[in-house]
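One file, run.cif, carrying mmCIF, C-alpha atoms and all ligand atoms:
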```
data_model
loop_
_atom_site.label_atom_id
_atom_site.label_comp_id
_atom_site.auth_asym_id
_atom_site.auth_seq_id
_atom_site.Cartn_x
_atom_site.Cartn_y
_atom_site.Cartn_z
CA MET C 1392 9.56 -45.82 0.76
CA ILE C 1393 6.55 -45.41 -1.51
CA PRO C 1394 7.47 -41.91 -2.70
CA ASN C 1395 10.94 -43.19 -3.63
CA MET C 1396 9.40 -46.07 -5.59
CA LEU C 1397 7.12 -43.57 -7.30
CA ARG C 1398 10.08 -41.43 -8.17
CA ILE C 1399 11.89 -44.42 -9.75
CA PHE C 1400 8.78 -45.20 -11.79
CA PHE C 1401 8.56 -41.55 -12.70
CA TYR C 1402 12.13 -41.44 -13.98
CA ILE C 1403 11.56 -44.62 -15.98
CA GLY C 1404 8.40 -43.00 -17.39
CA LEU C 1405 10.36 -39.88 -18.19
CA VAL C 1406 12.97 -41.85 -20.12
CA ILE C 1407 10.20 -43.69 -22.03
CA ILE C 1408 8.43 -40.41 -22.88
CA THR C 1409 11.67 -38.88 -24.09
CA ILE C 1410 12.48 -41.91 -26.25
CA LEU C 1411 8.92 -41.94 -27.63
CA SER C 1412 9.05 -38.22 -28.39
CA ILE C 1413 12.34 -38.48 -30.24
CA TRP C 1414 11.02 -41.50 -32.08
CA SER C 1415 7.77 -39.72 -32.99
CA ILE C 1416 9.65 -36.67 -34.22
CA ASN C 1417 11.60 -38.94 -36.58
CA LEU C 1418 8.37 -40.56 -37.78
CA VAL C 1419 6.48 -37.38 -38.50
CA LYS C 1420 7.22 -35.92 -41.88
CA ASN C 1421 5.33 -32.62 -41.45
CA PRO C 1422 7.95 -30.03 -40.30
CA ASN C 1423 5.27 -27.91 -38.50
CA ILE C 1424 4.33 -30.80 -36.26
CA VAL C 1425 8.01 -31.50 -35.58
CA GLN C 1426 8.45 -27.87 -34.53
CA LEU C 1427 5.34 -28.05 -32.39
CA LEU C 1428 6.54 -31.19 -30.65
CA ALA C 1429 10.01 -29.71 -30.23
CA ALA C 1430 8.46 -26.63 -28.62
CA PHE C 1431 6.08 -28.41 -26.26
CA ILE C 1432 7.79 -31.58 -25.13
CA PRO C 1433 10.84 -30.08 -23.39
CA PRO C 1434 8.80 -27.62 -21.23
CA ILE C 1435 6.36 -30.37 -20.25
CA ILE C 1436 9.21 -32.65 -19.26
CA LEU C 1437 10.83 -29.79 -17.38
CA VAL C 1438 7.65 -29.01 -15.40
CA ILE C 1439 7.18 -32.67 -14.43
CA PHE C 1440 10.85 -32.94 -13.59
CA ILE C 1441 10.72 -29.87 -11.33
CA GLU C 1442 7.55 -31.10 -9.64
CA TYR C 1443 9.17 -34.42 -8.75
CA THR C 1444 12.60 -33.19 -7.91
CA GLN C 1445 12.55 -31.89 -4.38
CA LYS C 1446 15.63 -29.70 -4.58
CA LEU C 1447 14.60 -27.94 -7.77
CA ARG C 1448 11.06 -27.54 -6.52
CA ASP C 1449 12.23 -25.94 -3.28
CA LYS C 1450 14.49 -23.60 -5.20
CA LEU C 1451 11.64 -22.59 -7.50
CA TYR C 1452 9.29 -21.87 -4.60
CA LYS C 1453 11.99 -19.94 -2.79
CA PHE C 1454 12.38 -17.78 -5.87
CA ILE C 1455 8.64 -17.25 -6.16
CA ASP C 1456 8.43 -16.46 -2.44
CA GLY C 1457 11.19 -13.92 -2.87
CA SER C 1458 9.30 -12.28 -5.72
CA GLY C 1459 6.49 -11.57 -3.26
CA LEU C 1460 3.89 -13.02 -5.61
CA ARG C 1461 3.11 -16.32 -3.90
CA SER C 1462 2.37 -15.34 -0.32
CA LYS C 1463 -1.08 -13.92 0.32
CA ASN C 1464 0.30 -10.75 1.72
CA CYS C 1465 -1.48 -7.48 1.33
CA THR C 1466 0.87 -4.72 2.45
CA ILE C 1467 -0.33 -1.18 3.02
CA LEU C 1468 2.17 1.66 3.34
CA LEU C 1469 1.27 4.79 5.28
CA ILE C 1470 3.10 7.90 4.16
CA GLY C 1471 2.63 11.29 5.78
CA CYS C 1472 4.33 14.02 7.71
CA ALA C 1473 4.61 14.04 11.49
CA GLY C 1474 1.32 14.06 13.33
CA SER C 1475 -0.93 13.46 10.34
CA GLY C 1476 -2.36 10.42 12.17
CA LYS C 1477 -0.57 7.37 10.71
CA SER C 1478 -0.21 5.48 13.99
CA SER C 1479 -3.73 6.51 14.99
CA LEU C 1480 -5.03 5.00 11.76
CA ALA C 1481 -3.14 1.75 12.48
CA HIS C 1482 -4.84 1.69 15.86
CA CYS C 1483 -8.24 2.50 14.36
CA TRP C 1484 -7.84 -0.42 11.93
CA GLN C 1485 -7.27 -2.62 14.98
CA PHE C 1486 -3.76 -3.74 14.20
CA PRO C 1487 -2.38 -5.31 17.37
CA ASN C 1488 0.43 -3.76 19.39
CA VAL C 1489 0.26 -0.26 17.96
CA ALA C 1490 2.48 1.74 20.28
CA HIS C 1491 0.78 4.56 22.17
CA ILE C 1492 3.67 6.94 21.98
CA THR C 1493 3.53 10.53 20.90
CA SER C 1494 5.72 10.07 17.86
CA THR C 1495 6.78 6.89 16.10
CA GLU C 1496 10.55 6.36 16.37
CA SER C 1497 11.33 3.83 13.67
CA LEU C 1498 9.54 1.89 10.98
CA GLN C 1499 6.76 -0.12 12.59
CA VAL C 1500 5.39 -3.23 10.94
CA TYR C 1501 1.93 -4.25 12.12
CA THR C 1502 0.28 -7.43 10.94
CA LYS C 1503 -3.09 -9.08 11.24
CA LYS C 1504 -5.07 -11.76 9.47
CA GLU C 1505 -8.14 -11.33 7.30
CA LYS C 1506 -9.14 -14.99 6.91
CA ASP C 1507 -6.23 -16.42 4.89
CA ILE C 1508 -4.72 -13.06 3.97
CA ASN C 1509 -1.86 -11.56 5.96
CA VAL C 1510 -2.36 -7.83 6.09
CA THR C 1511 0.77 -5.83 6.85
CA LEU C 1512 0.70 -2.16 7.69
CA LEU C 1513 3.91 -0.16 7.43
CA ASP C 1514 3.96 2.90 9.65
CA TYR C 1515 7.06 5.08 9.69
CA ARG C 1516 8.21 8.10 11.59
CA GLY C 1517 6.83 11.20 9.86
CA GLN C 1518 9.94 13.27 10.55
CA ASP C 1519 12.29 10.77 8.97
CA PHE C 1520 11.56 10.34 5.31
CA THR C 1521 14.54 8.04 4.73
CA GLN C 1522 12.82 5.24 6.64
CA ILE C 1523 10.84 4.56 3.50
CA THR C 1524 12.89 6.11 0.71
CA ILE C 1525 16.16 4.38 1.71
CA ASP C 1526 15.78 1.87 4.55
CA LEU C 1527 12.68 -0.02 3.46
CA ASN C 1528 13.49 -3.70 3.06
CA ASN C 1529 13.09 -5.23 -0.41
CA ASN C 1530 10.56 -7.81 0.80
CA TYR C 1531 8.25 -5.06 1.99
CA ARG C 1532 8.75 -2.96 -1.13
CA GLN C 1533 7.71 -5.71 -3.49
CA ASN C 1534 4.62 -6.53 -1.49
CA ILE C 1535 3.12 -3.05 -1.24
CA PHE C 1536 -0.38 -3.28 -2.63
CA ALA C 1537 -1.74 0.07 -1.44
CA ALA C 1538 0.05 3.31 -0.63
CA ILE C 1539 -1.74 5.88 1.49
CA PHE C 1540 -0.66 9.49 1.60
CA LEU C 1541 -2.11 10.61 4.89
CA VAL C 1542 -2.54 14.37 5.24
CA ASP C 1543 -4.48 16.58 7.61
CA ILE C 1544 -5.84 20.10 7.76
CA ILE C 1545 -5.30 21.06 11.37
CA PRO C 1546 -2.06 22.86 12.28
CA ARG C 1547 0.00 21.48 15.16
CA GLU C 1548 1.92 24.69 15.85
CA ASP C 1549 0.90 28.32 16.17
CA GLU C 1550 2.44 31.22 14.22
CA ASN C 1551 5.38 31.33 16.68
CA ASN C 1552 6.07 27.61 16.28
CA ASN C 1553 4.71 26.80 19.73
CA PRO C 1554 3.29 23.29 19.67
CA LEU C 1555 -0.47 22.86 19.97
CA PHE C 1556 -0.61 19.54 21.75
CA THR C 1557 -4.28 19.04 22.37
CA GLU C 1558 -7.40 19.30 20.30
CA GLU C 1559 -8.64 22.13 22.58
CA GLN C 1560 -5.44 24.12 22.01
CA GLN C 1561 -5.73 23.62 18.26
CA LEU C 1562 -9.40 24.65 18.11
CA SER C 1563 -8.93 27.61 20.40
CA TRP C 1564 -5.99 28.94 18.35
CA LEU C 1565 -7.86 28.36 15.09
CA SER C 1566 -10.91 30.16 16.47
CA LYS C 1567 -8.99 33.35 17.21
CA GLY C 1568 -9.65 36.15 14.72
CA ASP C 1569 -12.11 36.10 11.83
CA THR C 1570 -12.89 33.30 9.40
CA ASP C 1571 -10.23 34.51 6.97
CA ASP C 1572 -7.63 34.11 9.70
CA THR C 1573 -8.84 30.58 10.33
CA TYR C 1574 -8.68 29.82 6.62
CA ARG C 1575 -5.13 31.19 6.39
CA LYS C 1576 -4.03 28.94 9.29
CA LEU C 1577 -5.66 25.88 7.76
CA LYS C 1578 -4.16 26.72 4.37
CA ASN C 1579 -0.66 26.82 5.90
CA ARG C 1580 -1.04 23.26 7.14
CA ILE C 1581 -2.54 22.14 3.81
CA ASN C 1582 0.41 23.64 1.90
CA SER C 1583 2.90 22.12 4.32
CA HIS C 1584 2.10 18.62 3.03
CA SER C 1585 3.03 19.44 -0.58
CA LEU C 1586 6.16 21.20 0.66
CA PHE C 1587 7.06 18.24 2.85
CA PHE C 1588 7.00 15.79 -0.06
CA GLY C 1589 7.97 17.99 -3.00
CA THR C 1590 8.35 16.61 -6.51
CA ALA C 1591 11.73 15.06 -5.72
CA GLY C 1592 10.36 13.34 -2.62
CA LEU C 1593 7.42 11.90 -4.53
CA GLN C 1594 9.80 10.68 -7.19
CA CYS C 1595 11.81 8.82 -4.53
CA ILE C 1596 8.69 7.34 -2.96
CA PHE C 1597 7.27 6.08 -6.24
CA HIS C 1598 10.64 4.69 -7.22
CA VAL C 1599 10.64 2.66 -3.99
CA ILE C 1600 7.05 1.46 -4.01
CA SER C 1601 6.63 0.83 -7.72
CA SER C 1602 5.97 -2.84 -8.45
CA LEU C 1603 3.66 -5.20 -10.29
CA LYS C 1604 1.70 -5.48 -7.06
CA LEU C 1605 1.05 -1.80 -6.35
CA ARG C 1606 -2.54 -1.28 -7.41
CA GLN C 1607 -3.99 1.42 -5.19
CA VAL C 1608 -2.94 4.89 -4.15
CA PHE C 1609 -4.97 7.05 -1.78
CA ILE C 1610 -4.78 10.56 -0.45
CA LEU C 1611 -6.66 10.50 2.84
CA ILE C 1612 -7.43 13.84 4.45
CA ASN C 1613 -7.60 13.16 8.16
CA LYS C 1614 -9.07 14.96 11.21
CA TYR C 1615 -12.32 15.86 9.51
CA ASP C 1616 -14.03 15.82 12.93
CA LEU C 1617 -12.14 19.03 13.80
CA MET C 1618 -13.39 20.70 10.61
CA GLU C 1619 -16.90 19.79 11.70
CA LYS C 1620 -16.27 21.41 15.08
CA LEU C 1621 -14.99 24.59 13.41
CA ARG C 1622 -18.04 24.61 11.18
CA GLN C 1623 -20.35 24.31 14.15
CA LYS C 1624 -18.56 27.24 15.78
CA ASN C 1625 -19.09 29.27 12.56
CA LYS C 1626 -15.35 29.59 12.20
CA LEU C 1627 -15.12 28.48 8.59
CA PRO C 1628 -15.37 30.80 5.58
CA ASN C 1629 -18.72 30.71 3.76
CA GLU C 1630 -17.57 28.46 0.93
CA PHE C 1631 -16.78 25.73 3.49
CA ILE C 1632 -20.22 25.80 5.11
CA TYR C 1633 -22.02 23.83 2.41
CA ASN C 1634 -20.43 20.80 0.91
CA THR C 1635 -17.44 21.04 3.25
CA GLU C 1636 -16.00 17.71 2.09
CA GLU C 1637 -15.76 18.77 -1.55
CA VAL C 1638 -14.25 22.14 -0.66
CA VAL C 1639 -11.63 20.49 1.56
CA LYS C 1640 -10.75 18.04 -1.23
CA LYS C 1641 -10.39 20.99 -3.62
CA GLU C 1642 -7.82 22.55 -1.30
CA PHE C 1643 -5.62 19.51 -1.98
CA LEU C 1644 -6.10 19.63 -5.75
CA ASP C 1645 -2.49 20.59 -6.58
CA PHE C 1646 -1.18 17.79 -4.39
CA LYS C 1647 -3.62 15.37 -5.99
CA ASN C 1648 -2.56 16.40 -9.50
CA GLU C 1649 1.10 15.97 -8.62
CA ILE C 1650 0.54 12.43 -7.29
CA ASN C 1651 -1.72 11.61 -10.20
CA LYS C 1652 1.16 12.37 -12.58
CA PHE C 1653 3.29 9.75 -10.81
CA CYS C 1654 0.46 7.21 -10.78
CA LYS C 1655 0.05 7.64 -14.52
CA SER C 1656 3.75 7.28 -15.26
CA GLN C 1657 4.09 3.87 -13.57
CA ASP C 1658 5.31 0.90 -15.61
CA TYR C 1659 2.46 -1.13 -14.13
CA PRO C 1660 -0.90 0.63 -14.09
CA ILE C 1661 -2.31 1.80 -10.75
CA LYS C 1662 -5.89 0.61 -10.82
CA ASN C 1663 -7.29 3.00 -8.31
CA PHE C 1664 -6.22 6.48 -7.27
CA GLU C 1665 -8.56 8.50 -5.12
CA ILE C 1666 -8.82 11.23 -2.54
CA ASP C 1667 -11.08 10.82 0.49
CA ILE C 1668 -11.96 12.55 3.72
CA ILE C 1669 -11.54 10.56 6.94
CA SER C 1670 -11.58 11.02 10.65
CA VAL C 1671 -9.55 8.49 12.56
CA LYS C 1672 -11.08 9.80 15.75
CA THR C 1673 -14.72 9.21 14.80
CA GLY C 1674 -13.94 6.36 12.39
CA GLU C 1675 -15.57 8.21 9.50
CA ASN C 1676 -14.78 6.44 6.19
CA THR C 1677 -11.88 4.51 7.73
CA ASN C 1678 -13.44 1.05 7.52
CA LYS C 1679 -14.73 1.75 4.04
CA ILE C 1680 -11.18 2.45 2.84
CA TYR C 1681 -9.75 -0.62 4.60
CA HIS C 1682 -12.34 -2.96 3.10
CA LYS C 1683 -11.86 -1.42 -0.30
CA ILE C 1684 -8.17 -2.31 -0.16
CA ILE C 1685 -8.85 -5.87 0.99
CA GLN C 1686 -11.58 -6.33 -1.62
CA GLU C 1687 -9.31 -5.08 -4.38
CA TYR C 1688 -6.56 -7.41 -3.14
CA LYS C 1689 -8.95 -10.36 -3.42
CA GLU C 1690 -9.71 -9.31 -7.01
CA TRP C 1691 -5.98 -9.11 -7.69
CA LEU C 1692 -5.58 -12.62 -6.27
CA LYS C 1693 -8.10 -13.93 -8.80
CA ILE C 1694 -5.73 -12.90 -11.59
CA TYR C 1695 -2.35 -13.60 -10.00
CA GLY C 1696 -3.38 -16.12 -7.34
CA TRP C 1697 -2.55 -19.11 -9.59
CA ILE C 1698 1.05 -18.67 -8.59
CA GLU C 1699 0.00 -19.17 -4.99
CA HIS C 1700 -1.63 -22.50 -5.74
CA MET C 1701 1.44 -24.06 -7.35
CA ARG C 1702 2.50 -25.80 -4.16
N1 LIG L 1 -9.16 15.15 16.41
C1 LIG L 1 -8.44 14.25 15.79
N2 LIG L 1 -7.19 13.98 16.20
C2 LIG L 1 -6.49 13.02 15.55
C3 LIG L 1 -7.03 12.27 14.47
N3 LIG L 1 -6.11 11.41 14.03
C4 LIG L 1 -5.02 11.58 14.79
N4 LIG L 1 -5.25 12.55 15.71
C5 LIG L 1 -4.29 13.04 16.73
O1 LIG L 1 -3.14 13.53 16.06
C6 LIG L 1 -1.97 13.32 16.86
C7 LIG L 1 -0.87 12.66 16.06
O2 LIG L 1 -1.30 11.36 15.69
P1 LIG L 1 -0.28 10.17 15.37
O3 LIG L 1 -1.11 9.01 14.97
O4 LIG L 1 0.70 9.98 16.46
O5 LIG L 1 0.50 10.78 14.11
P2 LIG L 1 1.67 10.09 13.26
O6 LIG L 1 1.41 10.42 11.83
O7 LIG L 1 1.81 8.67 13.60
O8 LIG L 1 2.95 10.92 13.76
P3 LIG L 1 4.49 10.47 13.70
O9 LIG L 1 4.64 9.13 14.30
O10 LIG L 1 5.21 11.53 14.45
O11 LIG L 1 4.91 10.49 12.25
C8 LIG L 1 -2.43 12.49 18.06
O12 LIG L 1 -2.58 13.37 19.15
C9 LIG L 1 -3.79 11.93 17.63
O13 LIG L 1 -4.64 11.76 18.72
C10 LIG L 1 -8.38 12.59 14.07
O14 LIG L 1 -8.97 12.00 13.15
N5 LIG L 1 -9.04 13.57 14.77
MG MG L 2 3.34 7.57 14.41
#
```

Show me, as C-alpha cells, the structure contained in the file I just sent.
Ligand SMILES: Nc1nc2c(ncn2[C@@H]2O[C@H](COP(=O)(O)OP(=O)(O)OP(=O)(O)O)[C@@H](O)[C@H]2O)c(=O)[nH]1
Ligand SMILES: [Mg+2]
Amino acid sequence: MIPNMLRIFFYIGLVIITILSIWSINLVKNPNIVQLLAAFIPPIILVIFIEYTQKLRDKLYKFIDGSGLRSKNCTILLIGCAGSGKSSLAHCWQFPNVAHITSTESLQVYTKKEKDINVTLLDYRGQDFTQITIDLNNNYRQNIFAAIFLVDIIPREDENNNPLFTEEQQLSWLSKGDTDDTYRKLKNRINSHSLFFGTAGLQCIFHVISSLKLRQVFILINKYDLMEKLRQKNKLPNEFIYNTEEVVKKEFLDFKNEINKFCKSQDYPIKNFEIDIISVKTGENTNKIYHKIIQEYKEWLKIYGWIEHMR
C-alpha cells in the first residue's frame, strides 16, 4: 500500500518537476543555461523514472547482469594441453568436486566463494581445444578475469610414444643417457606446448576471451618438483644447476613472446602478464598466484564495482 502511495506522489512530483523545468527554461534568457538545463533535466528524470518503475528497473538490471559487470564473479580460465595439470591445479586451489579422473572429458566449471566474491574456475579437456574456442558459453566468456596458460616440462610419452604414466616412469626415462639426452627430452615437451597452440590457436583463444574484464594473463610452468628431483640426481645440464627457475623460464621465451604480442594487441589493456614456475604437487607458488588474481579482482572492483551497487 505505502509503496503505491509513494509512487503516486512520485509521479505527481515528476509532473511538477517537468512543468517547473519547462517554465524555468522559458524564463531564462541565457541560451547556455537553457542548453545546460535541456541536457541535464531529461537524464535526471529518466534515472528517477527507471528507479521507481519496477519493470524498467528489472530490465535494466537484467541487461547489466547479462553484461557480466554487475555480479561479483571472478572467472579464471585454465588453458593447456593434456596432462599439463589443469585439474590438479583446480584441486590444489581447493575447488570442491574436482573429479579425480585421469583425463577431463568435458568443460568443468568449479566454483567457490571468497567472502562475497564468486570464484569460477573453467577447466577443459586438454585434447579438445574446441571446448574453449567454440563451445564456451557467452556468460563465461564475458566474465573471464584471468587466463592461465598452464604448461609443463616433463614428457608424458617416451620416444616410441609409449605413455609414461607415473612420476617414477617419467624420471627413470628422463634419467637414461647423459644430461644432453635429458635436455633433449625436456626440450621436446617444452616445444610441444607452442606447437599445440600455434599462432592461429592463440588468435582463436584471445578472440574468445577478450573482454573489458580480462585483466591478467599468466604462463605457469608446472611440475617444478620433478625438475628439482632431476637436479638432485645430477641429470640436468650445467646451465640448469644454478638458477634453475630462470633457465626454465628462458626455455619458454618464444612462447612468452608470442602470447605477449596478443596481450599487447587487445582492445582493452591486460594489466598483468607474467610467467611463473609452480608445482601443483608441492604447492610451490600456487597460492601466491591465486591470491594475486583475487587481489587484482578486488582492485578492479574498486573501479567498476559502482555498477554492482546500483541495486
Ligand atoms: N609431479 C607432479 N605431477 C603433477 C603435477 N601436476 C600434475 N601432475 C600430474 O600430472 C598428471 C596430469 O594431471 P591432470 O591435472 O589430470 O592434467 P590435465 O591438464 O587436467 O589433463 P586433461 O584433463 O587431460 O587435459 C596427473 O598424474 C597429475 O598427478 C605436479 O606439479 N608435479
Ligand atoms: Mg583435466

List as a PyMOL selection string the protein and nucleic acid residues near range 1664-1672 of chain C, meaning an atom at most 7 Å away when only C-alpha atoms are counted, but skip any in the same chain fewer than 6 places from it. chain C and resi 1479-1480+1483+1607-1616+1636

Export of the given selection (C-alpha atoms) as a compact mmCIF listing (two decimals), in the coordinates of the input:
```txt
# COMPACT_ATOMS: atom_id res chain seq x y z
CA SER C 1479 -3.73 6.51 14.99
CA LEU C 1480 -5.03 5.00 11.76
CA CYS C 1483 -8.24 2.50 14.36
CA GLN C 1607 -3.99 1.42 -5.19
CA VAL C 1608 -2.94 4.89 -4.15
CA PHE C 1609 -4.97 7.05 -1.78
CA ILE C 1610 -4.78 10.56 -0.45
CA LEU C 1611 -6.66 10.50 2.84
CA ILE C 1612 -7.43 13.84 4.45
CA ASN C 1613 -7.60 13.16 8.16
CA LYS C 1614 -9.07 14.96 11.21
CA TYR C 1615 -12.32 15.86 9.51
CA ASP C 1616 -14.03 15.82 12.93
CA GLU C 1636 -16.00 17.71 2.09
```

Show me, as a list in words, the residues that have an atom within 8 Å of range 1466-1477 of chain C when counting only C-alpha atoms, minus same-chain residues fewer than 3 positions from it.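 Final neighbour list, sorted by chain and number: Leu1480, Ala1481, Ser1494, Val1510, Thr1511, Leu1512, Leu1513, Asp1514, Tyr1515, Arg1516, Gly1517, Gln1518, Tyr1531, Asn1534, Ile1535, Phe1536, Ala1537, Ala1538, Ile1539, Phe1540, Leu1541, Val1542, Asp1543, Arg1547, His1584, Phe1587, Asn1613 and Val1671 of chain C.
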
Between C:Leu1498, C:Ile1523, C:Ile1600, C:Ile1684, which one has atoms that come closest to ligand MG 2 (chain L), using all atoms listed in the file?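 Among the listed residues, the smallest separation from ligand MG 2 (chain L) belongs to C:Leu1498.
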
Between C:Asn1423, C:Gln1499, C:Thr1673, C:Asn1629, which is the closest to ligand LIG 1 (chain L) once you count only C-alpha atoms and all ligand atoms?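 Of C:Asn1423, C:Gln1499, C:Thr1673, C:Asn1629, the one nearest ligand LIG 1 (chain L), counting only C-alpha atoms and all ligand atoms, is C:Thr1673.
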
CA of Ile1435 in chain C to CA of Leu1411 in chain C, straight-line distance in Å: 14.0 Å

Atom-to-atom span, CA of Asp1526 in chain C and CA of Lys1647 in chain C, Å: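 Interatomic distance here is 25.9 Å.
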
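Among the candidates C:Glu1505, C:Asp1658, C:Glu1496, C:Glu1559, the one nearest to ligand MG 2 (chain L) when counting all atoms listed in the file is C:Glu1496.
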
The distance between CA of Lys1640 in chain C and CA of Lys1683 in chain C is 19.5 Å

Which one is closest to Arg1622 in chain C: C:Leu1527, C:Pro1660, C:Thr1635, C:Thr1502? Count all atoms listed in the file.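 The shortest atom-to-atom distance to Arg1622 in chain C comes from C:Thr1635.
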
For Ser1583 in chain C: contacts at 10 Å, only C-alpha atoms, fewer than 2 positions along chain excluded, given as an mmCIF file with C-alpha atoms, in the coordinates of the input:
```cif
data_model
loop_
_atom_site.group_PDB
_atom_site.id
_atom_site.type_symbol
_atom_site.label_atom_id
_atom_site.label_comp_id
_atom_site.auth_asym_id
_atom_site.auth_seq_id
_atom_site.Cartn_x
_atom_site.Cartn_y
_atom_site.Cartn_z
ATOM 1 C CA CYS C 1472 4.330 14.020 7.710
ATOM 2 C CA VAL C 1542 -2.540 14.370 5.240
ATOM 3 C CA ASP C 1543 -4.480 16.580 7.610
ATOM 4 C CA ILE C 1544 -5.840 20.100 7.760
ATOM 5 C CA PRO C 1546 -2.060 22.860 12.280
ATOM 6 C CA LEU C 1577 -5.660 25.880 7.760
ATOM 7 C CA LYS C 1578 -4.160 26.720 4.370
ATOM 8 C CA ASN C 1579 -0.660 26.820 5.900
ATOM 9 C CA ARG C 1580 -1.040 23.260 7.140
ATOM 10 C CA ILE C 1581 -2.540 22.140 3.810
ATOM 11 C CA SER C 1585 3.030 19.440 -0.580
ATOM 12 C CA LEU C 1586 6.160 21.200 0.660
ATOM 13 C CA PHE C 1587 7.060 18.240 2.850
ATOM 14 C CA PHE C 1588 7.000 15.790 -0.060
ATOM 15 C CA GLY C 1589 7.970 17.990 -3.000
#
```

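Minimum distance to Thr1573 in chain C across C:Asn1552, C:Gln1686, C:Asn1529, C:Asn1625 (counting all atoms listed in the file) occurs at C:Asn1625.
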
So, with all atoms listed in the file as the atoms that count, which of C:Asp1549, C:Glu1619, C:Glu1642, C:Asp1571 lies closest to ligand LIG 1 (chain L)?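 Looking only at the distances to ligand LIG 1 (chain L), the closest residue turns out to be C:Glu1619.
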
Which neighbours of Ile1508 in chain C fall inside 9 Å, counting only C-alpha atoms, when residues of the same chain fewer than 2 positions from it are skipped, and could you give them as a VMD selection string? chain C and resid 1462 to 1465 1503 to 1506 1510 1685 1689

Save the residues we just selected, C-alpha atoms, as a compact mmCIF listing (two decimals), in the coordinates of the input?
```
# COMPACT_ATOMS: atom_id res chain seq x y z
CA SER C 1462 2.37 -15.34 -0.32
CA LYS C 1463 -1.08 -13.92 0.32
CA ASN C 1464 0.30 -10.75 1.72
CA CYS C 1465 -1.48 -7.48 1.33
CA LYS C 1503 -3.09 -9.08 11.24
CA LYS C 1504 -5.07 -11.76 9.47
CA GLU C 1505 -8.14 -11.33 7.30
CA LYS C 1506 -9.14 -14.99 6.91
CA VAL C 1510 -2.36 -7.83 6.09
CA ILE C 1685 -8.85 -5.87 0.99
CA LYS C 1689 -8.95 -10.36 -3.42
```

Report the centre and edge lengths, in Å to one decimal, of an axis-aligned box enclosing every atom of ligand LIG 1 (chain L) listed in the file, padded by 5 Å on each side, as JSON.
```
{"center_x": -2.0, "center_y": 11.9, "center_z": 15.5, "size_x": 24.4, "size_y": 16.5, "size_z": 17.3}
```
